[in-house]
file coords.cif (mmCIF, C-alpha atoms)
data_model
loop_
_atom_site.label_atom_id
_atom_site.label_comp_id
_atom_site.auth_asym_id
_atom_site.auth_seq_id
_atom_site.Cartn_x
_atom_site.Cartn_y
_atom_site.Cartn_z
CA MET W 1 -0.73 120.98 94.95
CA LYS W 2 0.47 117.45 95.70
CA THR W 3 2.32 117.36 92.37
CA VAL W 4 4.11 120.61 93.20
CA LEU W 5 5.09 119.27 96.62
CA ARG W 6 6.44 116.08 95.06
CA TRP W 7 8.55 118.12 92.64
CA LEU W 8 9.86 120.29 95.48
CA ALA W 9 10.68 117.20 97.52
CA ALA W 10 12.51 115.68 94.54
CA VAL W 11 14.51 118.87 93.98
CA MET W 12 15.44 119.06 97.66
CA ALA W 13 16.50 115.41 97.67
CA LEU W 14 18.67 116.04 94.59
CA LEU W 15 20.34 119.06 96.20
CA VAL W 16 21.03 117.08 99.37
CA LEU W 17 22.60 114.30 97.28
CA LEU W 18 24.80 116.71 95.34
CA LEU W 19 25.87 118.77 98.34
CA ALA W 20 26.45 115.93 100.81
CA GLY W 21 29.96 115.26 99.50
CA PRO W 22 31.17 118.89 99.53
CA VAL W 23 29.67 119.41 102.99
CA TRP W 24 31.50 116.32 104.28
CA ILE W 25 34.79 117.52 102.71
CA LEU W 26 34.40 120.84 104.54
CA ALA W 27 33.30 119.28 107.82
CA SER W 28 36.23 116.84 107.84
CA ASN W 29 38.74 119.68 107.19
CA GLN W 30 40.06 118.16 103.97
CA VAL W 31 40.40 121.60 102.41
CA ILE W 32 42.14 124.69 103.72
CA THR W 33 39.67 127.53 104.19
CA ASP W 34 41.65 129.82 106.48
CA GLY W 35 44.96 131.61 106.10
CA HIS W 36 46.05 134.07 103.45
CA TRP W 37 46.89 132.57 100.07
CA SER W 38 50.41 133.99 100.23
CA ASN W 39 51.19 131.90 103.34
CA LEU W 40 49.95 128.56 101.99
CA ASP W 41 52.21 125.74 100.82
CA ARG W 42 53.42 126.00 97.22
CA SER W 43 56.30 123.54 97.42
CA SER W 44 57.13 120.78 94.94
CA ALA W 45 55.55 117.38 95.47
CA GLY W 46 58.49 115.62 93.82
CA LEU W 47 56.36 114.11 91.03
CA ALA W 48 58.04 115.78 88.03
CA PRO W 49 61.36 114.61 86.62
CA HIS W 50 64.11 117.13 87.31
CA PRO W 51 65.10 118.86 84.03
CA ASP W 52 68.80 118.70 84.93
CA ARG W 53 68.60 114.90 85.06
CA VAL W 54 65.99 114.13 82.36
CA GLN W 55 66.70 115.40 78.87
CA ASP W 56 63.62 113.85 77.25
CA ALA W 57 60.54 115.93 76.48
CA VAL W 58 57.85 115.72 79.20
CA VAL W 59 54.13 116.47 79.23
CA GLN W 60 52.28 116.10 82.52
CA VAL W 61 48.80 116.98 83.77
CA TYR W 62 48.18 117.71 87.45
CA ALA W 63 45.10 118.21 89.62
CA ALA W 64 44.84 119.58 93.15
CA ARG W 65 41.98 120.72 95.35
CA ALA W 66 40.93 124.25 94.44
CA TYR W 67 41.75 127.17 96.70
CA SER W 68 39.57 127.88 99.75
CA TRP W 69 35.90 126.71 99.84
CA ARG W 70 35.98 125.82 96.15
CA GLY W 71 38.15 122.85 97.06
CA ALA W 72 35.16 121.20 98.72
CA PHE W 73 33.52 120.96 95.30
CA GLY W 74 36.42 120.19 93.02
CA VAL W 75 39.95 120.48 91.75
CA HIS W 76 42.07 122.87 89.72
CA ILE W 77 43.94 121.29 86.78
CA TRP W 78 46.99 122.44 84.84
CA ILE W 79 49.31 121.17 82.09
CA ALA W 80 53.10 121.17 82.44
CA THR W 81 55.42 120.78 79.43
CA LYS W 82 59.19 120.52 79.03
CA ALA W 83 60.77 120.40 75.58
CA GLU W 84 63.63 118.00 74.89
CA GLY W 85 66.80 119.34 76.50
CA ALA W 86 64.97 122.24 78.15
CA ARG W 87 66.01 123.31 81.65
CA GLU W 88 62.58 124.61 82.68
CA TYR W 89 58.92 123.64 82.62
CA GLN W 90 56.13 125.74 81.16
CA LEU W 91 52.74 125.61 82.87
CA HIS W 92 49.47 126.19 80.98
CA GLN W 93 46.34 127.01 82.97
CA VAL W 94 43.43 129.40 83.39
CA LEU W 95 43.46 131.74 86.39
CA SER W 96 40.21 133.41 87.43
CA TRP W 97 41.89 136.64 88.56
CA ARG W 98 43.75 137.28 85.27
CA ARG W 99 42.58 138.83 81.99
CA PRO W 100 43.16 137.22 79.65
CA THR W 101 42.59 134.20 81.85
CA VAL W 102 45.02 131.89 80.01
CA VAL W 103 48.49 131.92 81.53
CA SER W 104 51.53 130.10 80.15
CA SER W 105 54.49 130.65 82.45
CA ILE W 106 57.79 129.15 83.57
CA ASP W 107 57.16 127.54 86.95
CA THR W 108 57.57 124.46 89.12
CA PRO W 109 55.33 121.84 87.48
CA ASP W 110 54.26 119.87 90.55
CA ARG W 111 53.95 122.50 93.25
CA ALA W 112 51.09 122.46 95.73
CA TRP W 113 48.03 124.51 94.82
CA PHE W 114 47.73 126.87 97.78
CA GLY W 115 48.08 124.24 100.47
CA HIS W 116 46.75 121.25 98.54
CA PRO W 117 49.25 118.74 97.08
CA PRO W 118 48.82 117.78 93.42
CA GLU W 119 48.16 114.36 91.94
CA LEU W 120 49.36 113.21 88.55
CA LEU W 121 46.70 112.60 85.88
CA ALA W 122 48.96 112.13 82.84
CA ASP W 123 52.65 111.61 82.13
CA TYR W 124 53.92 111.55 78.54
CA ARG W 125 57.66 111.25 77.85
CA GLY W 126 60.14 111.21 74.96
CA ALA W 127 59.08 111.31 71.32
CA GLU W 128 55.39 111.13 72.21
CA ALA W 129 55.68 114.19 74.47
CA ALA W 130 57.79 116.04 71.89
CA GLU W 131 55.01 115.65 69.33
CA LEU W 132 52.36 116.80 71.80
CA ILE W 133 54.07 119.99 72.99
CA PRO W 134 53.67 122.16 69.85
CA ARG W 135 50.08 120.95 69.45
CA ILE W 136 49.34 121.86 73.05
CA GLN W 137 50.90 125.30 72.62
CA ASP W 138 48.82 125.87 69.49
CA ALA W 139 45.59 124.83 71.22
CA VAL W 140 46.34 127.03 74.24
CA ALA W 141 46.80 130.01 71.92
CA ARG W 142 43.44 129.29 70.22
CA TYR W 143 41.35 128.94 73.39
CA PRO W 144 38.05 130.64 72.47
CA GLN W 145 37.08 132.10 75.89
CA ALA W 146 40.28 133.67 77.18
CA ASP W 147 38.40 136.78 78.36
CA LEU W 148 35.59 134.97 80.19
CA TYR W 149 35.64 133.05 83.46
CA ARG W 150 32.68 131.59 85.34
CA VAL W 151 33.12 129.33 88.34
CA TRP W 152 29.86 127.63 87.44
CA PRO W 153 28.95 126.06 85.07
CA GLY W 154 31.91 127.26 83.00
CA PRO W 155 33.99 128.15 81.18
CA ASN W 156 36.52 127.87 84.00
CA SER W 157 40.00 126.42 84.48
CA ASN W 158 38.81 122.84 84.00
CA SER W 159 36.76 123.76 80.92
CA PHE W 160 40.02 125.10 79.44
CA ILE W 161 41.95 121.91 80.15
CA ALA W 162 39.19 119.69 78.73
CA TRP W 163 39.03 121.88 75.59
CA VAL W 164 42.80 121.71 75.03
CA ILE W 165 42.83 117.94 75.48
CA ARG W 166 40.03 117.50 72.93
CA GLU W 167 41.84 119.75 70.46
CA VAL W 168 45.17 117.91 70.62
CA GLU W 169 45.35 114.64 68.73
CA GLY W 170 47.01 111.92 70.79
CA PHE W 171 46.56 113.80 74.08
CA GLU W 172 44.10 111.60 75.95
CA VAL W 173 43.46 112.24 79.64
CA ALA W 174 40.48 111.08 81.70
CA LEU W 175 39.66 114.02 83.97
CA PRO W 176 38.43 113.34 87.52
CA THR W 177 34.77 113.65 88.38
CA THR W 178 35.74 116.48 90.75
CA ALA W 179 36.90 118.61 87.79
CA VAL W 180 33.84 120.87 87.92
CA GLY W 181 33.50 122.63 84.56
CA LYS W 182 35.03 119.86 82.48
CA ASP W 183 31.61 119.10 80.98
CA TYR W 184 31.11 122.62 79.63
CA LEU W 185 31.17 122.26 75.83
CA PHE W 186 31.96 125.32 73.77
CA ASN W 187 30.37 124.27 70.50
CA GLY W 188 27.35 121.98 70.32
CA VAL W 189 26.03 119.54 72.87
CA VAL W 190 27.91 116.35 71.94
CA ALA W 191 31.68 115.81 72.06
CA PRO W 192 34.27 113.07 72.58
CA THR W 193 35.29 112.59 76.20
CA PRO W 194 38.76 113.93 77.13
CA SER W 195 40.08 110.37 77.27
CA GLY W 196 39.03 109.82 73.67
CA THR W 197 37.36 106.53 74.64
CA GLY W 198 33.73 107.60 74.51
CA TYR W 199 31.27 110.46 74.11
CA GLN W 200 29.32 112.87 76.24
CA LEU W 201 26.22 114.99 75.90
CA SER W 202 26.05 118.22 77.86
CA LEU W 203 23.61 121.13 77.93
CA GLY W 204 25.66 124.15 78.89
CA GLY W 205 27.61 122.18 81.49
CA VAL W 206 24.48 122.10 83.68
CA VAL W 207 23.09 118.68 82.83
CA GLY W 208 24.45 115.84 80.74
CA ILE W 209 25.69 112.27 80.51
CA MET W 210 29.04 110.66 79.68
CA LEU W 211 29.72 107.11 78.46
CA ALA W 212 33.34 106.07 77.96
CA LEU W 213 35.72 103.20 78.54
CA GLU W 214 38.11 105.23 80.72
CA GLU W 215 35.68 107.62 82.44
CA GLY W 216 32.91 105.04 82.81
CA ILE W 217 29.36 106.34 83.23
CA GLU W 218 28.88 109.85 84.59
CA LEU W 219 25.71 111.86 85.07
CA ASN W 220 26.24 115.62 85.26
CA LEU W 221 23.65 117.41 87.40
CA LEU W 222 23.92 121.16 88.01
CA GLY W 223 27.59 121.03 87.06
CA MET W 224 28.52 118.26 89.51
CA SER W 225 29.06 114.66 88.50
CA VAL W 226 28.09 111.31 89.92
CA GLY W 227 29.02 108.05 88.26
CA ILE W 228 30.63 104.65 88.22
CA ASP W 229 33.88 103.39 86.74
CA ILE W 230 33.43 99.86 85.45
CA LEU W 231 36.93 99.28 84.04
CA ARG W 232 38.56 100.10 87.39
CA PRO W 233 35.64 99.60 89.78
CA ALA W 234 34.86 102.78 91.72
CA LEU W 235 32.01 105.06 92.67
CA LYS W 236 32.43 108.69 91.62
CA LEU W 237 30.72 111.16 93.92
CA PRO W 238 30.33 114.97 93.92
CA GLY W 239 33.02 116.65 96.00
CA ILE W 240 34.43 113.36 97.26
CA GLY W 241 35.71 111.93 93.98
CA ARG W 242 36.53 108.24 93.59
CA LEU W 243 35.71 105.52 96.10
CA GLY W 244 37.36 102.37 94.89
CA MET W 245 40.28 101.59 92.60
CA PRO W 246 42.39 104.61 91.62
CA ALA W 247 42.23 105.89 88.06
CA LYS W 248 44.91 105.17 85.50
CA VAL W 249 47.64 107.75 84.86
CA ALA W 250 47.51 108.49 81.12
CA GLY W 251 50.67 108.17 79.04
CA GLY W 252 53.53 105.73 79.40
CA GLY W 253 55.84 107.74 81.63
CA HIS W 254 54.32 106.76 84.96
CA THR W 255 52.97 103.44 86.22
CA SER W 256 50.94 104.41 89.30
CA SER W 257 47.34 105.60 89.58
CA VAL W 258 45.45 108.55 91.01
CA ALA W 259 42.61 108.62 93.48
CA LEU W 260 40.80 111.85 92.56
#
call {"tool": "encode", "arguments": {"input": "coords.cif", "output": "structure tokens"}}
result
Amino acid sequence: MKTVLRWLAAVMALLVLLLAGPVWILASNQVITDGHWSNLDRSSAGLAPHPDRVQDAVVQVYAARAYSWRGAFGVHIWIATKAEGAREYQLHQVLSWRRPTVVSSIDTPDRAWFGHPPELLADYRGAEAAELIPRIQDAVARYPQADLYRVWPGPNSNSFIAWVIREVEGFEVALPTTAVGKDYLFNGVVAPTPSGTGYQLSLGGVVGIMLALEEGIELNLLGMSVGIDILRPALKLPGIGRLGMPAKVAGGGHTSSVAL
């Protein structure tokens, strides 16, 4: 009986640890949980180069807090591409309410995600971006779970982005710890990390571990991640994200960092 009680106490302590961050995000009103989606901000954040002024090819990756209560747990991520000389951006993402879930559409690349402003995770420009774009389009078309969406543990919108990044040679992006679903692996239990600087082991996206130069050390428990970034010192907590130095923006087109 004492052993059972110890196990129950351990499980409860683990749940409290994992849920403390999301609860604090909700309690401190850092996510929008009221208001109809159609009335929430979807304006540009001014992070993407204007296609009328920049002729070079562009590949960018954005993350923003997910819509409604989901934002307390994590972010939604999408890829934006602009071919050389193009006047418009194409966005690639998975949307839970669509079947098939994969959507590639002409849209504003850096618009707010239903009230939550985006942050830039990657910014590739010029010849490097031009080489990536057809590879990204090919990977998007080959996504193996376009008819299935599960908020937890995946495959979801972040599982899609992580899969595309792993499939595209030269496309290396360290996804934030708040990208719930990024650790869902489609084939096998071991894979390179999205940054390409290490490896991860994951059992169905429910439990696993990641060791990488860019991502640092992450432990995935019940789909949420806790870890430490050694290269750019920071704690990585469920729901909250990074506490410490901001992460590097991948690619050479942008010099700042992100805090997710």
call {"tool": "closest_atom_pairs", "arguments": {"input": "coords.cif", "of": "segment 184-209 of chain W", "to": "segment 138-162 of chain W", "cutoff": "10 Å", "atoms": "only C-alpha atoms", "output": "JSON lines"}}
result
{"residue": "W:Tyr184", "atom": "CA", "partner": "W:Gly154", "partner_atom": "CA", "distance": 5.8}
{"residue": "W:Leu185", "atom": "CA", "partner": "W:Ser159", "partner_atom": "CA", "distance": 7.7}
{"residue": "W:Phe186", "atom": "CA", "partner": "W:Pro155", "partner_atom": "CA", "distance": 8.2}
{"residue": "W:Thr193", "atom": "CA", "partner": "W:Ala162", "partner_atom": "CA", "distance": 8.5}
{"residue": "W:Pro194", "atom": "CA", "partner": "W:Ala162", "partner_atom": "CA", "distance": 6.0}
{"residue": "W:Ser195", "atom": "CA", "partner": "W:Ala162", "partner_atom": "CA", "distance": 9.5}
{"residue": "W:Gly204", "atom": "CA", "partner": "W:Pro153", "partner_atom": "CA", "distance": 7.3}
{"residue": "W:Gly205", "atom": "CA", "partner": "W:Pro153", "partner_atom": "CA", "distance": 5.4}
{"residue": "W:Val206", "atom": "CA", "partner": "W:Pro153", "partner_atom": "CA", "distance": 6.1}
{"residue": "W:Val207", "atom": "CA", "partner": "W:Pro153", "partner_atom": "CA", "distance": 9.7}
call {"tool": "closest_atom_pairs", "arguments": {"input": "coords.cif", "of": "segment 137-208 of chain W", "to": "segment 52-63 of chain W", "cutoff": "9 Å", "atoms": "only C-alpha atoms", "output": "CSV"}}
result
residue,atom,partner,partner_atom,distance
W:Val173,CA,W:Val61,CA,8.2
W:Leu175,CA,W:Ala63,CA,8.9
W:Pro176,CA,W:Ala63,CA,8.5
W:Ala179,CA,W:Ala63,CA,8.4
call {"tool": "write_last_selection", "arguments": {"input": "coords.cif", "atoms": "C-alpha atoms", "output": "mmCIF file, keeping the file's coordinate frame"}}
result
data_model
loop_
_atom_site.group_PDB
_atom_site.id
_atom_site.type_symbol
_atom_site.label_atom_id
_atom_site.label_comp_id
_atom_site.auth_asym_id
_atom_site.auth_seq_id
_atom_site.Cartn_x
_atom_site.Cartn_y
_atom_site.Cartn_z
ATOM 1 C CA VAL W 173 43.460 112.240 79.640
ATOM 2 C CA LEU W 175 39.660 114.020 83.970
ATOM 3 C CA PRO W 176 38.430 113.340 87.520
ATOM 4 C CA ALA W 179 36.900 118.610 87.790
#
call {"tool": "resolve_selection", "arguments": {"input": "coords.cif", "expression": "the PyMOL selection byres ((chain W and resi 209-217) around 10)", "output": "NGL selection string"}}
result
:W and (172-177 or 183 or 190-203 or 207-208 or 218-221 or 225-236 or 247-248 or 250)
call {"tool": "residues_around", "arguments": {"input": "coords.cif", "residues": "Pro109 of chain W", "least_positions_apart": "6", "cutoff": "8 Å", "atoms": "only C-alpha atoms", "output": "list in words"}}
result
Ser44, Ala48, Ala80, Tyr89, Gln90 and Leu91 of chain W
call {"tool": "resolve_selection", "arguments": {"input": "coords.cif", "expression": "the PyMOL selection byres ((chain W and resi 129) around 12)", "output": "number ranges by chain"}}
result
W: 55-61, 80-84, 122-128, 130-136, 168-172, 250-253
